[in-house]
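Enquirer: Below is start_16.txt; it holds compact mmCIF, C-alpha atoms and all ligand atoms.
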```txt
# COMPACT_ATOMS: atom_id res chain seq x y z
CA MET A 215 90.05 107.77 146.96
CA ARG A 216 89.01 108.20 143.33
CA LEU A 217 85.22 107.85 142.86
CA ALA A 218 85.58 105.53 139.88
CA LYS A 219 87.61 103.07 141.99
CA LEU A 220 84.93 102.63 144.68
CA GLN A 221 83.02 99.34 144.95
CA LEU A 222 79.56 99.37 143.42
CA TYR A 223 77.74 99.20 146.76
CA THR A 224 79.78 102.11 148.14
CA LYS A 225 78.78 104.18 145.14
CA ILE A 226 75.15 103.10 145.64
CA LEU A 227 75.26 104.11 149.31
CA ILE A 228 76.67 107.53 148.43
CA ALA A 229 73.96 107.91 145.76
CA LEU A 230 71.33 106.86 148.33
CA ALA A 231 72.34 109.55 150.82
CA ALA A 232 72.76 112.21 148.12
CA GLY A 233 69.38 111.28 146.55
CA ALA A 234 67.60 111.47 149.92
CA ALA A 235 69.13 114.88 150.66
CA PHE A 236 68.22 116.14 147.20
CA GLY A 237 64.65 114.77 147.49
CA LEU A 238 64.23 116.38 150.90
CA SER A 239 65.34 119.75 149.52
CA ALA A 240 62.93 119.31 146.61
CA ASN A 241 60.10 118.57 149.04
CA ARG A 242 61.05 121.51 151.27
CA PHE A 243 61.66 124.11 148.57
CA GLY A 244 58.89 123.00 146.22
CA PHE A 245 60.69 121.62 143.20
CA SER A 246 59.31 118.05 143.45
CA GLY A 247 57.86 118.51 139.95
CA PHE A 248 61.36 118.98 138.54
CA VAL A 249 62.53 115.79 140.29
CA GLY A 250 59.54 113.84 138.93
CA VAL A 251 60.16 114.98 135.35
CA TRP A 252 63.96 115.06 135.10
CA ILE A 253 65.48 112.88 137.83
CA LYS A 254 63.01 110.02 138.36
CA PRO A 255 63.19 108.74 134.74
CA VAL A 256 66.84 107.71 135.28
CA GLY A 257 65.66 105.35 138.01
CA THR A 258 62.70 104.18 135.97
CA ALA A 259 65.00 103.38 133.04
CA PHE A 260 67.17 101.24 135.31
CA ILE A 261 64.18 99.34 136.69
CA ARG A 262 62.98 98.71 133.14
CA LEU A 263 66.43 97.53 132.05
CA ILE A 264 66.77 95.12 134.95
CA SER A 265 63.16 93.91 134.57
CA MET A 266 63.94 93.27 130.89
CA VAL A 267 66.36 90.48 131.74
CA VAL A 268 64.21 88.74 134.36
CA VAL A 269 62.09 86.45 132.16
CA PRO A 270 64.93 85.13 129.96
CA LEU A 271 67.17 84.74 133.01
CA VAL A 272 64.62 82.81 135.08
CA PHE A 273 63.71 80.58 132.17
CA ALA A 274 67.25 79.82 131.01
CA SER A 275 68.67 79.35 134.48
CA LEU A 276 65.82 77.12 135.66
CA VAL A 277 66.07 74.86 132.60
CA VAL A 278 69.83 74.53 133.11
CA GLY A 279 69.46 74.25 136.89
CA THR A 280 66.81 71.53 136.79
CA ALA A 281 68.51 69.62 133.98
CA SER A 282 71.82 69.67 135.83
CA LEU A 283 70.25 68.10 138.93
CA LYS A 284 70.48 65.00 136.72
CA ASP A 285 68.08 62.72 138.51
CA LEU A 286 64.61 63.22 139.88
CA ARG A 287 65.66 62.05 143.35
CA THR A 288 68.08 64.99 143.73
CA LEU A 289 65.46 67.39 142.37
CA GLY A 290 62.86 66.05 144.81
CA ARG A 291 65.24 66.33 147.77
CA ILE A 292 66.38 69.86 146.95
CA GLY A 293 62.80 70.87 146.12
CA ALA A 294 61.48 69.53 149.43
CA LYS A 295 64.22 71.29 151.46
CA THR A 296 63.61 74.55 149.61
CA LEU A 297 59.84 74.47 150.10
CA ALA A 298 60.14 73.47 153.77
CA PHE A 299 62.57 76.36 154.40
CA TYR A 300 60.35 78.85 152.60
CA MET A 301 57.12 77.81 154.35
CA CYS A 302 58.61 77.63 157.87
CA THR A 303 60.44 80.97 157.69
CA THR A 304 57.33 82.69 156.27
CA ALA A 305 55.12 81.39 159.09
CA ILE A 306 57.76 82.50 161.64
CA ALA A 307 57.84 85.96 160.01
CA VAL A 308 54.06 86.47 160.40
CA THR A 309 54.23 85.25 164.00
CA ILE A 310 57.03 87.72 164.83
CA GLY A 311 54.93 90.50 163.27
CA LEU A 312 51.83 89.57 165.29
CA LEU A 313 53.72 89.23 168.58
CA LEU A 314 55.53 92.55 168.23
CA THR A 315 52.34 94.40 167.32
CA GLY A 316 50.57 92.78 170.26
CA VAL A 317 53.29 93.97 172.64
CA VAL A 318 53.90 97.49 171.28
CA ARG A 319 50.24 98.13 170.31
CA PRO A 320 51.02 100.92 167.81
CA GLY A 321 47.37 101.14 166.70
CA SER A 322 46.09 101.89 170.20
CA SER A 323 48.61 104.67 170.74
CA LEU A 324 46.91 107.00 168.27
CA PRO A 325 44.67 109.60 169.88
CA LEU A 326 40.99 108.69 169.39
CA GLU A 327 40.35 111.87 167.39
CA SER A 328 43.10 111.20 164.86
CA ARG A 329 42.04 107.57 164.65
CA GLN A 330 38.52 108.60 163.74
CA LYS A 331 39.82 111.10 161.20
CA MET A 332 41.99 108.41 159.64
CA ILE A 333 39.07 106.02 159.46
CA GLY A 334 37.03 108.76 157.82
CA ASP A 335 39.81 109.58 155.35
CA ALA A 336 40.25 105.90 154.52
CA ALA A 337 36.55 105.49 153.86
CA ALA A 338 36.64 108.53 151.59
CA GLN A 339 39.50 107.13 149.52
CA LYS A 340 38.28 105.38 146.45
CA ALA A 341 41.64 104.55 144.89
CA LEU A 342 42.47 101.63 147.17
CA PRO A 343 43.91 98.42 145.85
CA VAL A 344 40.93 96.70 147.45
CA GLN A 345 38.99 96.20 144.27
CA ALA A 346 41.75 93.98 142.92
CA THR A 347 40.90 91.26 145.42
CA ASP A 348 37.15 91.29 144.94
CA GLU A 349 37.57 88.89 142.05
CA LYS A 350 40.05 86.66 143.86
CA PRO A 351 40.08 83.13 142.47
CA SER A 352 39.66 80.02 144.63
CA ILE A 353 42.71 78.09 145.85
CA GLY A 354 41.89 75.37 143.28
CA ASP A 355 41.90 77.90 140.44
CA LEU A 356 45.17 79.37 141.69
CA LEU A 357 46.82 75.94 141.63
CA LEU A 358 45.43 75.03 138.19
CA ASN A 359 46.59 78.37 136.86
CA ILE A 360 50.21 77.34 137.48
CA ILE A 361 49.94 75.09 134.41
CA PRO A 362 50.28 77.32 131.33
CA THR A 363 48.04 76.43 128.38
CA ASN A 364 50.44 78.38 126.21
CA PRO A 365 54.03 78.73 127.51
CA ILE A 366 54.86 81.44 124.96
CA LYS A 367 51.99 83.53 126.32
CA ALA A 368 53.24 82.87 129.86
CA LEU A 369 56.69 84.16 128.86
CA ALA A 370 55.25 87.18 127.07
CA GLU A 371 53.08 88.08 130.06
CA ALA A 372 55.83 87.32 132.62
CA GLN A 373 53.58 84.83 134.50
CA MET A 374 56.36 83.72 136.82
CA LEU A 375 54.72 80.62 138.36
CA GLN A 376 53.75 79.36 134.88
CA ILE A 377 57.26 80.03 133.57
CA ILE A 378 58.78 78.19 136.53
CA PHE A 379 56.46 75.21 135.99
CA PHE A 380 57.25 74.96 132.28
CA ALA A 381 61.02 75.50 132.72
CA MET A 382 61.25 72.86 135.45
CA LEU A 383 59.25 70.33 133.42
CA MET A 384 61.50 71.03 130.45
CA GLY A 385 64.61 70.59 132.63
CA ILE A 386 63.27 67.28 134.01
CA CYS A 387 62.45 65.99 130.52
CA LEU A 388 65.92 66.96 129.28
CA THR A 389 67.32 64.46 131.79
CA LEU A 390 65.09 61.76 130.31
CA ILE A 391 66.22 62.01 126.65
CA PRO A 392 69.57 60.74 125.27
CA PRO A 393 72.49 63.02 126.34
CA ASP A 394 73.69 63.59 122.76
CA ARG A 395 70.45 65.48 122.12
CA SER A 396 69.82 67.02 125.51
CA GLN A 397 73.32 68.55 125.54
CA ILE A 398 72.45 70.70 122.49
CA VAL A 399 69.49 72.26 124.28
CA ILE A 400 71.24 72.55 127.65
CA GLY A 401 74.31 74.12 125.95
CA PHE A 402 72.08 76.68 124.28
CA PHE A 403 70.36 77.67 127.52
CA ARG A 404 73.68 77.75 129.40
CA ALA A 405 75.09 80.19 126.84
CA LEU A 406 71.89 82.26 126.99
CA ASP A 407 72.13 82.33 130.78
CA GLU A 408 75.75 83.56 130.67
CA THR A 409 74.88 86.23 128.11
CA ILE A 410 72.07 87.58 130.27
CA VAL A 411 74.32 87.59 133.33
CA GLN A 412 76.82 89.63 131.32
CA MET A 413 73.98 92.00 130.44
CA VAL A 414 73.33 92.42 134.16
CA HIS A 415 76.98 93.44 134.69
CA VAL A 416 76.58 96.15 132.06
CA ILE A 417 73.24 97.37 133.42
CA MET A 418 74.57 97.48 136.98
CA LYS A 419 77.01 100.23 136.01
CA LEU A 420 73.96 102.51 135.92
CA ALA A 421 72.83 101.52 139.43
CA PRO A 422 74.25 104.49 141.41
CA TYR A 423 72.61 107.04 139.08
CA ALA A 424 69.34 105.09 139.20
CA VAL A 425 69.39 104.92 142.99
CA PHE A 426 69.89 108.67 143.19
CA GLY A 427 66.88 109.20 140.93
CA LEU A 428 64.60 106.70 142.67
CA ILE A 429 65.30 107.87 146.22
CA ALA A 430 65.13 111.55 145.32
CA ALA A 431 61.70 111.00 143.74
CA VAL A 432 60.21 109.09 146.73
CA VAL A 433 61.45 111.61 149.30
CA ALA A 434 60.43 114.57 147.14
CA ASP A 435 56.89 113.17 146.85
CA PHE A 436 56.22 112.18 150.45
CA GLY A 437 58.71 114.12 152.56
CA PHE A 438 59.29 112.89 156.11
CA GLY A 439 56.02 114.20 157.52
CA ILE A 440 54.09 111.14 156.47
CA LEU A 441 56.64 108.91 158.16
CA VAL A 442 56.29 110.79 161.41
CA MET A 443 52.51 110.23 161.48
CA LEU A 444 52.79 106.47 161.42
CA LEU A 445 56.19 106.24 163.02
CA ARG A 446 55.33 103.59 165.58
CA TYR A 447 53.73 101.35 162.98
CA CYS A 448 56.80 101.74 160.79
CA LEU A 449 59.14 101.08 163.70
CA VAL A 450 57.32 97.86 164.60
CA VAL A 451 57.60 96.68 160.98
CA LEU A 452 61.28 97.64 160.83
CA LEU A 453 62.02 96.00 164.18
CA GLY A 454 60.24 92.83 163.06
CA LEU A 455 62.12 92.75 159.77
CA THR A 456 65.44 93.24 161.59
CA ILE A 457 64.68 90.51 164.14
CA HIS A 458 63.67 88.13 161.35
CA MET A 459 66.74 88.90 159.30
CA VAL A 460 69.24 88.67 162.13
CA LEU A 461 67.71 85.93 164.28
CA VAL A 462 66.00 83.64 161.77
CA TYR A 463 68.40 83.95 158.82
CA GLY A 464 71.41 84.40 161.10
CA THR A 465 70.53 81.20 162.98
CA ALA A 466 69.81 79.31 159.77
CA ILE A 467 73.16 80.36 158.28
CA ARG A 468 75.09 79.63 161.47
CA ILE A 469 73.37 76.42 162.60
CA LEU A 470 71.91 74.82 159.48
CA ALA A 471 74.53 75.96 156.94
CA ARG A 472 77.39 76.10 159.50
CA THR A 473 78.97 79.08 157.82
CA SER A 474 79.84 82.69 158.66
CA VAL A 475 76.89 85.03 159.13
CA THR A 476 79.09 88.09 158.51
CA ASP A 477 80.33 86.71 155.20
CA PHE A 478 76.76 85.91 154.22
CA PHE A 479 75.47 89.44 154.78
CA ARG A 480 78.61 91.01 153.31
CA GLY A 481 78.48 88.89 150.17
CA PHE A 482 74.78 89.53 149.62
CA ARG A 483 74.95 93.29 150.22
CA PRO A 484 74.92 94.42 146.55
CA ALA A 485 71.66 92.51 145.96
CA GLN A 486 70.12 93.95 149.15
CA LEU A 487 70.82 97.45 147.94
CA VAL A 488 69.17 96.73 144.60
CA GLY A 489 66.20 95.18 146.45
CA PHE A 490 65.93 98.25 148.67
CA CYS A 491 66.00 100.68 145.78
CA SER A 492 63.84 98.75 143.33
CA SER A 493 61.28 97.36 145.85
CA SER A 494 61.07 94.35 143.62
CA SER A 495 62.22 90.78 144.22
CA ASN A 496 61.89 90.13 140.50
CA ALA A 497 64.04 93.08 139.49
CA SER A 498 66.66 92.12 142.09
CA LEU A 499 66.81 88.51 140.93
CA PRO A 500 69.67 88.88 138.42
CA VAL A 501 71.90 90.55 141.02
CA SER A 502 70.80 88.09 143.75
CA MET A 503 71.77 85.18 141.55
CA GLU A 504 75.12 86.73 140.81
CA CYS A 505 75.86 87.40 144.50
CA VAL A 506 74.71 84.00 145.73
CA GLU A 507 76.70 82.13 143.12
CA LYS A 508 79.85 84.24 143.00
CA ASN A 509 80.05 85.73 146.51
CA LEU A 510 78.40 83.05 148.66
CA GLY A 511 79.73 79.95 146.93
CA VAL A 512 76.40 78.30 146.07
CA PRO A 513 76.66 76.14 142.93
CA LEU A 514 74.74 77.33 139.89
CA HIS A 515 72.34 74.38 139.77
CA ILE A 516 71.14 75.11 143.30
CA CYS A 517 70.86 78.90 143.07
CA SER A 518 69.20 78.76 139.67
CA PHE A 519 66.53 76.54 141.22
CA THR A 520 66.00 78.10 144.65
CA LEU A 521 66.28 81.81 143.79
CA PRO A 522 63.79 82.20 140.92
CA LEU A 523 61.35 80.07 142.91
CA GLY A 524 61.99 82.16 146.02
CA ALA A 525 61.58 85.48 144.17
CA THR A 526 58.14 84.23 143.18
CA ILE A 527 56.80 82.40 146.23
CA ASN A 528 58.98 83.30 149.22
CA MET A 529 58.14 86.70 150.71
CA ASP A 530 58.96 86.67 154.43
CA GLY A 531 59.17 90.46 154.66
CA THR A 532 55.79 90.82 152.97
CA ALA A 533 54.21 88.20 155.25
CA LEU A 534 55.63 89.92 158.33
CA LEU A 535 54.25 93.25 157.17
CA GLN A 536 50.86 91.69 156.55
CA GLY A 537 50.86 90.32 160.11
CA VAL A 538 51.80 93.70 161.60
CA ALA A 539 49.37 95.62 159.36
CA THR A 540 46.44 93.32 160.21
CA ALA A 541 47.03 93.49 163.96
CA PHE A 542 47.68 97.25 163.76
CA LEU A 543 44.43 97.90 161.89
CA ALA A 544 42.55 95.67 164.32
CA GLN A 545 43.83 97.94 167.11
CA VAL A 546 42.90 101.08 165.16
CA TYR A 547 39.34 99.75 164.68
CA GLY A 548 39.16 98.55 168.28
CA ILE A 549 38.87 94.84 167.36
CA GLU A 550 40.46 92.36 169.82
CA LEU A 551 41.86 89.40 167.88
CA THR A 552 41.19 85.92 169.29
CA LEU A 553 43.73 83.08 169.21
CA VAL A 554 41.88 81.43 166.32
CA GLN A 555 41.96 84.71 164.40
CA ASN A 556 45.71 84.99 165.01
CA VAL A 557 46.24 81.47 163.65
CA THR A 558 44.06 82.39 160.66
CA ILE A 559 46.28 85.42 160.03
CA VAL A 560 49.43 83.25 160.10
CA LEU A 561 47.91 80.82 157.58
CA THR A 562 46.41 83.38 155.22
CA ALA A 563 49.43 85.70 155.31
CA THR A 564 51.68 82.73 154.49
CA LEU A 565 49.47 81.80 151.53
CA ALA A 566 48.94 85.42 150.47
CA SER A 567 52.68 86.05 150.42
CA ILE A 568 53.11 83.03 148.12
CA GLY A 569 50.66 84.63 145.72
CA THR A 570 52.29 88.07 146.01
CA ALA A 571 54.13 89.08 142.84
CA GLY A 572 57.72 90.23 143.32
CA ILE A 573 56.93 93.76 142.20
CA PRO A 574 56.53 97.06 144.07
CA GLY A 575 53.33 97.40 146.07
CA ALA A 576 52.02 93.88 145.43
CA GLY A 577 51.99 93.07 149.15
CA MET A 578 49.40 95.78 149.81
CA VAL A 579 47.03 94.25 147.26
CA MET A 580 47.32 90.82 148.87
CA LEU A 581 46.87 92.33 152.35
CA ALA A 582 43.17 92.62 151.52
CA ILE A 583 42.93 88.79 151.58
CA VAL A 584 44.38 88.67 155.10
CA LEU A 585 42.15 91.50 156.35
CA ASN A 586 39.12 89.77 154.83
CA SER A 587 39.93 86.52 156.61
CA VAL A 588 39.48 88.12 160.04
CA GLY A 589 36.82 90.69 159.18
CA ILE A 590 38.87 93.90 159.37
CA PRO A 591 37.52 96.73 157.16
CA LEU A 592 39.47 96.87 153.91
CA GLN A 593 39.35 100.66 154.04
CA GLY A 594 42.09 100.33 156.66
CA ILE A 595 44.55 99.85 153.82
CA GLY A 596 44.13 103.56 153.11
CA ILE A 597 45.54 104.36 156.54
CA ILE A 598 48.85 102.63 155.94
CA LEU A 599 49.12 103.11 152.21
CA GLY A 600 50.99 106.41 152.58
CA VAL A 601 53.98 104.89 154.36
CA ASP A 602 54.01 101.68 152.42
CA ARG A 603 56.41 102.89 149.76
CA PHE A 604 59.27 103.02 152.25
CA LEU A 605 58.29 99.80 154.03
CA ASP A 606 58.08 98.08 150.65
CA MET A 607 61.75 98.92 150.11
CA CYS A 608 62.67 97.39 153.47
CA ARG A 609 60.53 94.24 153.24
CA THR A 610 61.87 93.53 149.76
CA VAL A 611 65.37 93.36 151.25
CA VAL A 612 64.13 90.69 153.68
CA ASN A 613 62.25 88.87 150.90
CA ILE A 614 65.37 88.42 148.80
CA THR A 615 67.66 87.76 151.77
CA GLY A 616 65.38 84.82 152.70
CA ASP A 617 65.86 83.37 149.23
CA ALA A 618 69.63 83.70 149.53
CA ALA A 619 69.67 82.16 153.02
CA CYS A 620 67.68 79.21 151.69
CA ALA A 621 70.11 78.72 148.79
CA VAL A 622 73.08 78.71 151.20
CA VAL A 623 71.35 76.30 153.62
CA VAL A 624 70.33 73.91 150.84
CA ALA A 625 73.81 74.01 149.27
CA SER A 626 75.43 73.36 152.64
CA THR A 627 73.15 70.46 153.56
CA GLU A 628 73.88 68.97 150.13
CA GLY A 629 77.62 69.30 150.92
CA GLN A 630 78.06 71.65 147.96
CA LEU A 631 78.79 75.03 149.57
CA ASP A 632 82.09 76.43 148.34
CA THR A 633 83.28 78.12 151.53
CA ASP A 634 86.70 78.99 150.07
CA ASN A 635 84.94 81.21 147.56
CA GLN A 636 82.96 82.79 150.42
CA ARG A 637 85.91 83.81 152.50
CA GLY A 638 87.31 86.23 149.94
CA CYS A 639 84.17 88.18 149.39
CA GLY A 640 83.35 91.73 150.28
CA GLY A 641 85.94 92.49 152.99
CA GLU A 642 89.52 92.82 151.87
CA PRO A 643 89.94 93.35 148.13
CA ALA A 644 89.57 89.75 147.01
CA LYS A 645 91.57 88.76 143.99
CA LYS A 646 88.57 87.68 142.03
CA THR A 647 86.29 90.61 142.91
CA ALA A 648 85.09 92.62 139.95
CA PRO A 649 84.86 96.43 140.27
CA ASN A 650 81.08 96.16 140.65
CA GLY A 651 81.39 94.32 143.97
CA LEU A 652 80.46 90.98 142.42
CA HIS A 653 82.98 88.27 141.82
CA ALA A 654 84.21 87.99 138.27
CA ARG A 655 83.55 84.89 136.21
CA PRO A 656 86.73 82.88 135.71
CA SER A 657 86.77 83.87 132.06
CA GLU A 658 86.27 87.53 132.85
CA PRO A 659 89.23 89.89 133.15
CA SER A 660 89.46 91.03 136.80
N1 LIG B 1 57.80 94.53 146.71
C1 LIG B 1 57.81 93.21 147.27
C2 LIG B 1 58.79 92.35 146.50
O1 LIG B 1 58.95 92.51 145.33
C3 LIG B 1 56.46 92.58 147.26
C4 LIG B 1 55.56 93.36 148.20
O2 LIG B 1 55.54 93.03 149.39
O3 LIG B 1 54.92 94.31 147.77
O4 LIG B 1 59.40 91.48 147.06
```
What do you get writing this file as structure tokens?

Expert:
Amino acid sequence: MRLAKLQLYTKILIALAAGAAFGLSANRFGFSGFVGVWIKPVGTAFIRLISMVVVPLVFASLVVGTASLKDLRTLGRIGAKTLAFYMCTTAIAVTIGLLLTGVVRPGSSLPLESRQKMIGDAAAQKALPVQATDEKPSIGDLLLNIIPTNPIKALAEAQMLQIIFFAMLMGICLTLIPPDRSQIVIGFFRALDETIVQMVHVIMKLAPYAVFGLIAAVVADFGFGILVMLLRYCLVVLLGLTIHMVLVYGTAIRILARTSVTDFFRGFRPAQLVGFCSSSSNASLPVSMECVEKNLGVPLHICSFTLPLGATINMDGTALLQGVATAFLAQVYGIELTLVQNVTIVLTATLASIGTAGIPGAGMVMLAIVLNSVGIPLQGIGIILGVDRFLDMCRTVVNITGDAACAVVVASTEGQLDTDNQRGCGGEPAKKTAPNGLHARPSEPS
């Protein structure tokens, strides 16, 4: 089969394996420096390109999405379903993390000597993300901060919650002015939205090269040794993420959305690969939106509301990791968690994941809030920091899959899921599938 004819995700998978092998050789034979200087920038360029489109895409699509909900009743109903789904699945994710860690007890399995050494090393590390949380604002401040005093500043600084607030208010107000005027603004934003989506198609052509560069750089830097040291902790996180993805999302798709679980995962695969490689919900958003709309049959007005919101506030993978990490560190430090402390972890991890930005490593910064809430030494973050890069890649996949599952469930319960569109995706070469693995727009040559 000619390489150029392969689907995008197949090319990405090949690049992933090749990049890992190359990175491993670099780590083994000591040319990690070369990888950092010459190979990694290809990946960094891709992340910058895809991050470039996030703010205009979120803003334009949310204005159009909210305005096209037409009346406030529909907006309220869809908003309530979305928030309920996000909150419940996040709380379930933390609970799964806590239960698994309680059963496997990865923190207790470490020999006492190594545990003490780790604690010592962690205490010696100064460059922890702990300082970032020392100045954490109160819940009241956090809520007030959602209202931007200057929306242009919010856009320029990519303050996602502020952008979402302003875009939704604008969308609502567009439904309240006469249609002859609102249509001008909505038409403009719709065209802007389509242009940015087209930009994503162009940028995605670079994805396989970027994936090669990103993976090669991570493996070259850390090698596999670091993974071996905290293998059990990693395995608990990975097991938890898998259980959450398969059981919680699978059940939601099957029972609540009454649609095929296989089609769901197959149609969302390109976005998952971007999430895995970029470790960023924000950077994956353009591709997620494309997959959910074109491959999973969710109408634009629903996915342009649920997905940007989800990329900002819904982080099930992050919450699960925070649950596992907190319980793991409690075991390392010999602290037995009480029932009340476990409930506190569920609540704080759910809230902390809402405040976690959809960017690489943000979950580790917010972990300090959860550790604080149950009195676990913040230095513990140093123990798990080394393996977090890889876990970040995995939890980001779960974060964005949760957003997609919510979009499908909401669309289905609104009776607006286009299942005909779903059936063609991913498997056999569907007529409307573009060479990048995403479905082509009707106007686009296939
Ligand atoms: N990297 C994650 C995301 O963007 C956030 C985190 O847990 O660090 O979804």

Enquirer: Pick from A:Val512, A:Val611, A:Leu592, A:Leu551: nearest to Gly531 of chain A, with only C-alpha atoms counted?

Expert: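 Checking each of A:Val512, A:Val611, A:Leu592, A:Leu551 against Gly531 of chain A, counting only C-alpha atoms, the winner is A:Val611.
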
Enquirer: Name each residue within 9 Å of ligand LIG 1 (chain B), counting all atoms listed in the file, as number ranges by chain.

Expert: A: 489, 492-498, 525-526, 528-533, 535-536, 567, 570-580, 602-603, 605-614

Enquirer: What is the atom CA of Ala582 of chain A to atom CA of Ser265 of chain A distance in Å?

Expert: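 Going from atom CA of Ala582 of chain A over to atom CA of Ser265 of chain A covers 26.2 Å.
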
Enquirer: Hey, what's within 12 Å of Ala370 of chain A if we count all atoms listed in the file and toss same-chain stuff fewer than 6 positions away? As a PyMOL selection string, please?

Expert: chain A and resi 266+268-270+273+362+364+376-377

Enquirer: Set the distance at 12 Å and use all atoms listed in the file: which residues neighbour Phe479 of chain A once local chain neighbours fewer than 6 positions away are removed? I'd like the list as a list in words.

Expert: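 Everything that qualifies: Met459, Val460, Tyr463, Gly464, Ile467, Arg468, Thr473, Ala485, Gln486, Leu487, Cys505, Val506, Asn509, Leu510, Val611, Val612, Ile614, Thr615, Gly616, Ala618, Ala619, Val622, Gln636, Cys639, Gly640 and Gly641 of chain A.
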
Enquirer: Using the selection just defined, write its residues with C-alpha atoms as a compact mmCIF listing (two decimals), in the frame of the given file.

Expert:
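So the final result, stored in selection17.txt, reads:
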```
# COMPACT_ATOMS: atom_id res chain seq x y z
CA MET A 459 66.74 88.90 159.30
CA VAL A 460 69.24 88.67 162.13
CA TYR A 463 68.40 83.95 158.82
CA GLY A 464 71.41 84.40 161.10
CA ILE A 467 73.16 80.36 158.28
CA ARG A 468 75.09 79.63 161.47
CA THR A 473 78.97 79.08 157.82
CA ALA A 485 71.66 92.51 145.96
CA GLN A 486 70.12 93.95 149.15
CA LEU A 487 70.82 97.45 147.94
CA CYS A 505 75.86 87.40 144.50
CA VAL A 506 74.71 84.00 145.73
CA ASN A 509 80.05 85.73 146.51
CA LEU A 510 78.40 83.05 148.66
CA VAL A 611 65.37 93.36 151.25
CA VAL A 612 64.13 90.69 153.68
CA ILE A 614 65.37 88.42 148.80
CA THR A 615 67.66 87.76 151.77
CA GLY A 616 65.38 84.82 152.70
CA ALA A 618 69.63 83.70 149.53
CA ALA A 619 69.67 82.16 153.02
CA VAL A 622 73.08 78.71 151.20
CA GLN A 636 82.96 82.79 150.42
CA CYS A 639 84.17 88.18 149.39
CA GLY A 640 83.35 91.73 150.28
CA GLY A 641 85.94 92.49 152.99
```

Enquirer: Counting all atoms listed in the file, what is within 12 Å of Thr288 of chain A, bar same-chain residues fewer than 5 positions away, as a list in words?

Expert: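 Result of the neighbour search: Gly279, Thr280, Ala281, Ser282, Leu283, Gly293, Ala294, Lys295, Ile386, Thr389, His515, Ile516, Phe519, Val624 and Glu628 of chain A.
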
Enquirer: Tell me which of A:Gly321, A:Gly427, A:Val488, A:Phe380 sits closest to Ile549 of chain A, counting all atoms listed in the file.

Expert: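 With all atoms listed in the file as the atom set, the closest residue is A:Gly321.
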
Enquirer: Kindly give the distance, in Å, that separates atom CA of Tyr423 of chain A and atom CA of Thr409 of chain A, rounded to a single decimal.

Expert: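 These atoms are spaced 23.6 Å apart.
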